[in-house]
Every structure is written in C-alpha cells, then in structure tokens.
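Participant: Just passing along the structure, written as structure tokens.
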Amino acid sequence: NTAARLILKFSEWVLLRDPLKSLSIFTVQRVKTSLSLKAVCERLEQADAVVFEQLRRSRKDNKNVAAPPMLLQRYLEFVLSHSVKEAEKQDLCTRLASQYLLGLSILKSDDVLSKIRKHSSQKLREMVMNRDVKLSAEILLKQIKTYKLNSSLVEEIAMLRGRLGRHREAIEELLRVRSVEDAETYCLRNDTVVASDEDEGMITQ
C-alpha cells in the first residue's frame with residue numbers, strides 16, 4: 001500500500017543518519033500499515049553494506065569508523081522472537097545464521113568489533129547445534145568457505161554436514177583436526193554409530 005511504500009522510501013535517509021534508532025521504524029507495531037518482510041530485509045541489508053564498505057576501506061589505525069550496526073541481524077532476531085509463519089522460518093533462520101557468519105568475518109581488532117564477533121559466534125553455535133532450528137546447511141557451508149572461517153568453525157561445519165547426511169565426512173574431519181572425544185560427541189548428537197566392519201562404513205539411524 002501507499003503508506004508502506006513511503007515508509008520504505010524515506011527510511012533509507014533515516015537509516016544512514018541514525019541506524020540503531022531508525023530500526024524502530026520496522027519493529028514498531030502498526031495497526032493498518034504492514035511492511036513486506038522481504039522488502040525490509042533488503043533495505044536493512046543495503047544499510048549494513050554501506051557501513052561494512054566503510055569498515056573495509058578504512059585503515060587499521062582509523063578509529064573514527066563506526067562499528068557496523070548489524071541492522072538486519074537485529075531485525076531478524078526481533079522477528080524470530082515473535083510469531084512467524086512456519087513456511088518462513090527456515091529462510092529467516094538461514095538469513096540470521098548468515099548474518100552471524102558476516103559478524104565473524106570482521107577481521108579488525110577492536111573492543112566493539114570483538115563483542116560483535118563474540119555475540120555472532122555464540123548465537124551461530126546455538127542455532128547450528130539445535131537440530132530443531134531449521135536451516136539451509138548447504139547455503140551456510142558455502143558462506144563459511146567464502147568467508148574463510150573453516151578453521152574456526154570445525155564443530156559447526158561438522159553439524160551442518162550432518163544435516164545433509166554427510167556423517168562420514170564430518171567425523172573424519174573432526175578426527176583430523178580435533179579429537180576422538182569431539183567425534184564421539186558428534187555421534188551422540190546425531191545418533192550416528194561407526195560399524196565395527198570397516199567395509200560397512202557408517203550407519204545412521
């Protein structure tokens with residue numbers, strides 16, 4: 001409707017001027033005007049991209065560059081804390097997990113940025129380890145590779161592979177870079193057992 005189009009159009013200026021305060025534009029409960037979830041996500045993603053580009057271009061000793069507000073991440077956390085349609089849950093959860101991966105990809109060392117990485121790491125782990133949370137494991141594995149986070153997310157990668165039924169690959173990687181105990185923990189989480197006969201490989205329940 002017209003009101004929704006106007007809100008989305010002029011929100012761009014507000015988002016760039018005061019990102020965190022402007023988030024309330026999309027989280028306030030409206031009586032008649034409903035905003036498209038997809039359109040809001042796209043608008044917030046664009047606003048985040050502007051700050052991320054500034055961060056990437058800045059020199060390491062430049063302390064005047066603002067930390068990314070992670071607007072899309074905050075919005076998705078808000079949306080998923082309320083009732084959403086079951087059909088939309090997997091897509092929204094995947095997008096939120098992708099935002100946590102984006103937070104982990106920040107390379108600059110700074111107290112504020114460290115907090116973003118810590119929050120992203122904790123929340124991503126909670127989502128991936130909880131099999132009740134529906135995610136697109138394939139999309140997330142591709143992003144982990146793109147952001148070069150393979151070495152820091154070994155257990156999370158194993159669990160995502162497990163969601164795709166790639167248990168053998170997950171266990172072999174855990175044994176290679178972690179420990180037998182980590183591989184055993186993985187098996188318990190996924191109801192996966194190793195057959196005594198090597199030719200039989202792995203059996204999943």
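Residues are named by chain letter and number: chains run A, B, ... in the order of the structure tokens, numbers start at 1 in each chain, and ligands are numbered from 1 in the order shown.
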Please return as number ranges by chain: the residues of chain A that backbone DSSP assigns to strand (DSSP E).

Facilitator: A: 192-194, 202-204

Participant: What does the file look like for those residues with N, CA and C atoms, as a PDB file, in the first residue's frame?

Facilitator:
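This is the output file out-v3.pdb:
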ATOM      1  N   THR A 192      24.653 -41.254  15.455  1.00  0.00           N
ATOM      2  CA  THR A 192      25.454 -41.898  14.428  1.00  0.00           C
ATOM      3  C   THR A 192      26.437 -42.861  15.063  1.00  0.00           C
ATOM      4  N   VAL A 193      26.556 -44.061  14.509  1.00  0.00           N
ATOM      5  CA  VAL A 193      27.498 -45.042  15.052  1.00  0.00           C
ATOM      6  C   VAL A 193      28.444 -45.519  13.957  1.00  0.00           C
ATOM      7  N   VAL A 194      29.652 -45.916  14.361  1.00  0.00           N
ATOM      8  CA  VAL A 194      30.629 -46.452  13.423  1.00  0.00           C
ATOM      9  C   VAL A 194      30.589 -47.964  13.494  1.00  0.00           C
ATOM     10  N   MET A 202      29.725 -46.237   7.778  1.00  0.00           N
ATOM     11  CA  MET A 202      28.934 -45.643   8.844  1.00  0.00           C
ATOM     12  C   MET A 202      27.460 -45.893   8.629  1.00  0.00           C
ATOM     13  N   ILE A 203      26.791 -46.158   9.711  1.00  0.00           N
ATOM     14  CA  ILE A 203      25.355 -46.426   9.679  1.00  0.00           C
ATOM     15  C   ILE A 203      24.667 -45.307  10.430  1.00  0.00           C
ATOM     16  N   THR A 204      23.691 -44.680   9.850  1.00  0.00           N
ATOM     17  CA  THR A 204      22.961 -43.627  10.545  1.00  0.00           C
ATOM     18  C   THR A 204      21.554 -44.077  10.816  1.00  0.00           C
TER      19      THR A 204
END

Participant: Between A:Leu37, A:Leu76, A:Ala4, A:Met159, which one has atoms that come closest to Arg131 in chain A, using only C-alpha atoms?

Facilitator: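 Going through A:Leu37, A:Leu76, A:Ala4, A:Met159 one by one, the smallest distance to Arg131 in chain A is for A:Met159.
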
Participant: If you run DSSP on this backbone, which residues of range 23-181 of chain A come out as alpha helix (DSSP H), and could you give them as a PyMOL selection string?

Facilitator: chain A and resi 24-27+37-57+71-80+86-104+111-129+137-146+154-163+167-177+180-181

Participant: Tell me, as a list in words, which residues lie within 9 Å of range 99-110 of chain A, counting only C-alpha atoms; anything in the same chain fewer than 4 positions away does not count.

Facilitator: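 In the requested format, the answer is Phe52, Leu55, Arg56, Lys60, Lys63, Pro68, Met70, Leu72, Gln73, Thr94, Arg95, Ser114, Lys115, Ile116, Arg117, Lys118, His119, Ser120, Ser121, Gln122, Lys123, Leu124, Leu140, Gln143, Ile144, Tyr147, Lys148 and Leu149 of chain A.
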
Participant: Please provide as number ranges by chain all residues within 12 Å of Ile157 in chain A, with the sequence filter that same-chain residues fewer than 2 positions apart are discarded (counting only C-alpha atoms).

Facilitator: A: 101, 124-125, 128-129, 137-145, 149-155, 159-164, 166-167, 169-171, 173-174, 186

Participant: Can you write just those residues out, N, CA, C and O atoms, as a CSV table (one decimal), in the first residue's frame?

Facilitator:
chain,number,residue,atom,x,y,z
A,101,LEU,N,27.6,-15.2,10.5
A,101,LEU,CA,28.8,-15.5,9.8
A,101,LEU,C,29.4,-14.2,9.3
A,101,LEU,O,30.7,-14.1,9.3
A,124,LEU,N,25.4,-18.3,16.6
A,124,LEU,CA,25.6,-19.2,15.5
A,124,LEU,C,25.6,-20.6,16.0
A,124,LEU,O,25.0,-21.5,15.5
A,125,ARG,N,26.5,-20.8,17.0
A,125,ARG,CA,26.6,-22.2,17.6
A,125,ARG,C,25.3,-22.7,18.1
A,125,ARG,O,25.0,-23.8,17.9
A,128,VAL,N,23.1,-23.7,15.1
A,128,VAL,CA,23.6,-24.9,14.4
A,128,VAL,C,23.5,-26.2,15.2
A,128,VAL,O,23.1,-27.3,14.7
A,129,MET,N,23.8,-26.1,16.5
A,129,MET,CA,23.7,-27.3,17.4
A,129,MET,C,22.3,-27.7,17.7
A,129,MET,O,22.1,-28.9,18.1
A,137,ALA,N,21.7,-25.9,5.4
A,137,ALA,CA,23.1,-26.2,5.7
A,137,ALA,C,23.9,-25.9,4.5
A,137,ALA,O,25.1,-25.5,4.6
A,138,GLU,N,23.4,-26.2,3.3
A,138,GLU,CA,24.2,-26.0,2.1
A,138,GLU,C,24.6,-24.6,1.9
A,138,GLU,O,25.7,-24.3,1.6
A,139,ILE,N,23.7,-23.6,2.1
A,139,ILE,CA,23.9,-22.2,2.0
A,139,ILE,C,25.0,-21.8,3.0
A,139,ILE,O,25.9,-21.1,2.6
A,140,LEU,N,24.8,-22.2,4.2
A,140,LEU,CA,25.8,-21.8,5.3
A,140,LEU,C,27.2,-22.4,5.1
A,140,LEU,O,28.2,-21.7,5.3
A,141,LEU,N,27.3,-23.6,4.6
A,141,LEU,CA,28.6,-24.2,4.3
A,141,LEU,C,29.3,-23.4,3.2
A,141,LEU,O,30.5,-23.2,3.3
A,142,LYS,N,28.6,-22.9,2.2
A,142,LYS,CA,29.2,-22.2,1.1
A,142,LYS,C,29.7,-20.8,1.7
A,142,LYS,O,30.8,-20.3,1.3
A,143,GLN,N,28.9,-20.2,2.6
A,143,GLN,CA,29.3,-18.9,3.1
A,143,GLN,C,30.5,-19.0,4.0
A,143,GLN,O,31.4,-18.2,4.1
A,144,ILE,N,30.6,-20.1,4.8
A,144,ILE,CA,31.7,-20.4,5.7
A,144,ILE,C,33.0,-20.4,4.8
A,144,ILE,O,34.0,-19.9,5.2
A,145,LYS,N,32.9,-21.1,3.7
A,145,LYS,CA,34.0,-21.3,2.8
A,145,LYS,C,34.4,-19.9,2.2
A,145,LYS,O,35.6,-19.5,2.1
A,149,LEU,N,36.3,-19.3,7.1
A,149,LEU,CA,36.1,-19.5,8.5
A,149,LEU,C,36.2,-21.0,8.9
A,149,LEU,O,35.8,-21.4,10.0
A,150,ASN,N,36.7,-21.8,7.9
A,150,ASN,CA,36.7,-23.2,8.1
A,150,ASN,C,37.4,-23.7,9.4
A,150,ASN,O,37.0,-24.5,10.1
A,151,SER,N,38.6,-23.0,9.6
A,151,SER,CA,39.4,-23.4,10.8
A,151,SER,C,38.8,-23.1,12.1
A,151,SER,O,39.2,-23.7,13.1
A,152,SER,N,38.0,-22.1,12.2
A,152,SER,CA,37.4,-21.6,13.5
A,152,SER,C,36.0,-22.2,13.7
A,152,SER,O,35.5,-22.0,14.8
A,153,LEU,N,35.4,-22.9,12.8
A,153,LEU,CA,34.1,-23.4,13.0
A,153,LEU,C,34.0,-24.9,12.6
A,153,LEU,O,33.1,-25.3,12.0
A,154,VAL,N,35.0,-25.6,13.2
A,154,VAL,CA,35.1,-27.0,12.8
A,154,VAL,C,33.8,-27.8,13.3
A,154,VAL,O,33.3,-28.6,12.5
A,155,GLU,N,33.4,-27.6,14.5
A,155,GLU,CA,32.3,-28.3,15.1
A,155,GLU,C,31.0,-27.9,14.4
A,155,GLU,O,30.1,-28.8,14.1
A,159,MET,N,28.4,-30.3,12.2
A,159,MET,CA,26.9,-30.4,12.4
A,159,MET,C,26.2,-30.1,11.1
A,159,MET,O,25.1,-30.7,10.8
A,160,LEU,N,26.6,-29.1,10.4
A,160,LEU,CA,25.9,-28.7,9.1
A,160,LEU,C,26.1,-29.9,8.1
A,160,LEU,O,25.1,-30.2,7.4
A,161,ARG,N,27.2,-30.5,8.0
A,161,ARG,CA,27.4,-31.6,7.2
A,161,ARG,C,26.5,-32.8,7.6
A,161,ARG,O,25.9,-33.5,6.8
A,162,GLY,N,26.3,-32.9,8.9
A,162,GLY,CA,25.4,-33.9,9.4
A,162,GLY,C,24.0,-33.7,9.0
A,162,GLY,O,23.2,-34.7,8.7
A,163,ARG,N,23.6,-32.5,8.9
A,163,ARG,CA,22.2,-32.1,8.5
A,163,ARG,C,22.0,-32.6,7.0
A,163,ARG,O,20.8,-32.8,6.6
A,164,LEU,N,23.1,-32.7,6.3
A,164,LEU,CA,23.0,-33.1,4.9
A,164,LEU,C,23.2,-34.6,4.7
A,164,LEU,O,23.3,-35.1,3.6
A,166,ARG,N,26.0,-36.1,5.6
A,166,ARG,CA,27.4,-36.4,5.3
A,166,ARG,C,28.2,-36.7,6.6
A,166,ARG,O,29.1,-36.0,6.9
A,167,HIS,N,27.7,-37.7,7.3
A,167,HIS,CA,28.3,-38.0,8.6
A,167,HIS,C,29.8,-38.5,8.5
A,167,HIS,O,30.6,-38.1,9.3
A,169,GLU,N,32.1,-37.8,6.4
A,169,GLU,CA,32.9,-36.6,6.1
A,169,GLU,C,33.1,-35.8,7.4
A,169,GLU,O,34.2,-35.3,7.7
A,170,ALA,N,32.0,-35.6,8.1
A,170,ALA,CA,32.1,-34.8,9.3
A,170,ALA,C,33.0,-35.4,10.4
A,170,ALA,O,33.8,-34.7,11.0
A,171,ILE,N,32.8,-36.7,10.6
A,171,ILE,CA,33.6,-37.4,11.6
A,171,ILE,C,35.1,-37.5,11.2
A,171,ILE,O,35.9,-37.3,12.1
A,173,GLU,N,36.8,-35.4,9.5
A,173,GLU,CA,37.3,-34.1,9.7
A,173,GLU,C,37.6,-33.8,11.2
A,173,GLU,O,38.6,-33.2,11.6
A,174,LEU,N,36.6,-34.1,12.0
A,174,LEU,CA,36.8,-33.9,13.5
A,174,LEU,C,38.0,-34.7,14.0
A,174,LEU,O,38.7,-34.3,14.8
A,186,TYR,N,30.0,-35.8,18.5
A,186,TYR,CA,29.2,-35.6,17.3
A,186,TYR,C,28.3,-36.8,17.1
A,186,TYR,O,27.1,-36.6,16.7

Participant: What gap, in Å, lies between CA of Val79 in chain A and CA of Lys9 in chain A?

Facilitator: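 Result for CA of Val79 in chain A versus CA of Lys9 in chain A: 21.0 Å, one decimal.
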
Participant: Just the number, please: distance in Å from CA of Leu92 in chain A to CA of Ala39 in chain A, one decimal.

Facilitator: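 Computed distance, CA of Leu92 in chain A to CA of Ala39 in chain A, equals 13.2 Å.
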
Participant: Which value, in Å to one decimal, gives the distance between CA of Asp91 in chain A and CA of Lys134 in chain A?

Facilitator: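 Going from CA of Asp91 in chain A over to CA of Lys134 in chain A covers 8.4 Å.
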